[in-house]
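Here is the structure we will look at, set down as structure tokens.
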Amino acid sequence: MKTLTLLRHAKSGWDDPVARDFDRPLNGKGKRAAVMVGRHMKSLGLTFDHVVASPAVRVAETLDEVVVGYGEALAPHWDRRIYLASAVTLLDVIHGLPDTADQVLFAGHNPGLEDLVLMLVPDTLAEPLRDEVEQKYPTATIAELRFESGTWSDVAAGTARLTRFIRPRDLDPALGPDD
């Protein structure tokens with residue numbers, strides 16, 4: 001069995017005067033949310049034997065803050081293909097994962113992560129968390145997908161089970177949407 005945990009970067013600062021979107025940093029709320037999510041991941045006993053991440057500044061900073069809460073280094077493999085990637089591109093990255101890795105963390109962006117969940121998880125009544133993803137995949141949210149397959153190359157549309165969908169506001173209401 002393979003497990004893929006998707007982490008959307010935390011809330012970034014739109015008012016920061018950076019020249020490129022790629023360089024946009026996290027804001028204070030995003031940093032707090034990432035630490036809280038890392039702490040929650042640790043409390044759930046989540047472990048990862050492979051981490052792949054977009055090299056965008058907001059993703060790197062999200063992982064730095066997650067580590068503060070998680071308490072362990074994550075050692076990501078930076079993959080430029082994940083930056084603002086479509087679900088199809090993300091699936092290509094998944095197909096290239098080493099089969100020795102059973103628990104993988106992907107850190108990236110929307111709408112690609114949300115679209116990937118909706119592609120991989122069947123649209124059935126047995127997947128109530130899928131409806132929550134379809135409504136919104138907020139910043140600093142994790143989605144955990146499980147696959148019966150023993151190889152990443154077998155991952156395809158409709159083959160995942162969504163076992164967790166955890167938003168920062170589920171952990172602390174103050175980390176929810178701004179009013």
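Residues in the structure tokens are named by chain (A, B, ... in the order shown) and by number from 1 within that chain; ligands are numbered from 1 in the order shown.
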>> I need the residues in segment 16-162 of chain A that are helix (DSSP H, G or I) according to DSSP; give them as number ranges by chain.
In response: A: 21-23, 28-43, 57-70, 80-82, 87-95, 112-120, 128-135, 152-154
> Near Asp99 of chain A, counting only C-alpha atoms, which residues have an atom at most 10 Å away, once you skip same-chain residues fewer than 3 positions from it, shown as a list in words?
Replying inline: Lys2, His95, Gly96, Asp102, Gly150, Thr151, Trp152 and Ser153 of chain A
> Neighbours of Arg24 of chain A within 9 Å (only C-alpha atoms; same-chain residues fewer than 5 positions away dropped), as a PyMOL selection string?
Replying inline: chain A and resi 12-14+16-19+56-58
>> List as a ChimeraX atom specification the protein and nucleic acid residues near Asp154 of chain A, meaning an atom at most 10 Å away when only C-alpha atoms are counted, but skip any in the same chain fewer than 6 places from it.
In response: /A:94-95,147-148
> Looking at A:Ala156, A:Ala10, A:Leu74, A:Ala107, which one is nearest to Phe48 of chain A, with distances taken over only C-alpha atoms?
Replying inline: A:Leu74
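If you measure from each of A:Asp170, A:Asp115, A:Glu72, A:Asp23 to Ala87 of chain A using only C-alpha atoms, the closest one turns out to be A:Asp115.
Counting only C-alpha atoms and comparing A:Leu118, A:Gly45, A:Gly108, A:Leu4, the residue that lies closest to Val59 of chain A is A:Gly108.
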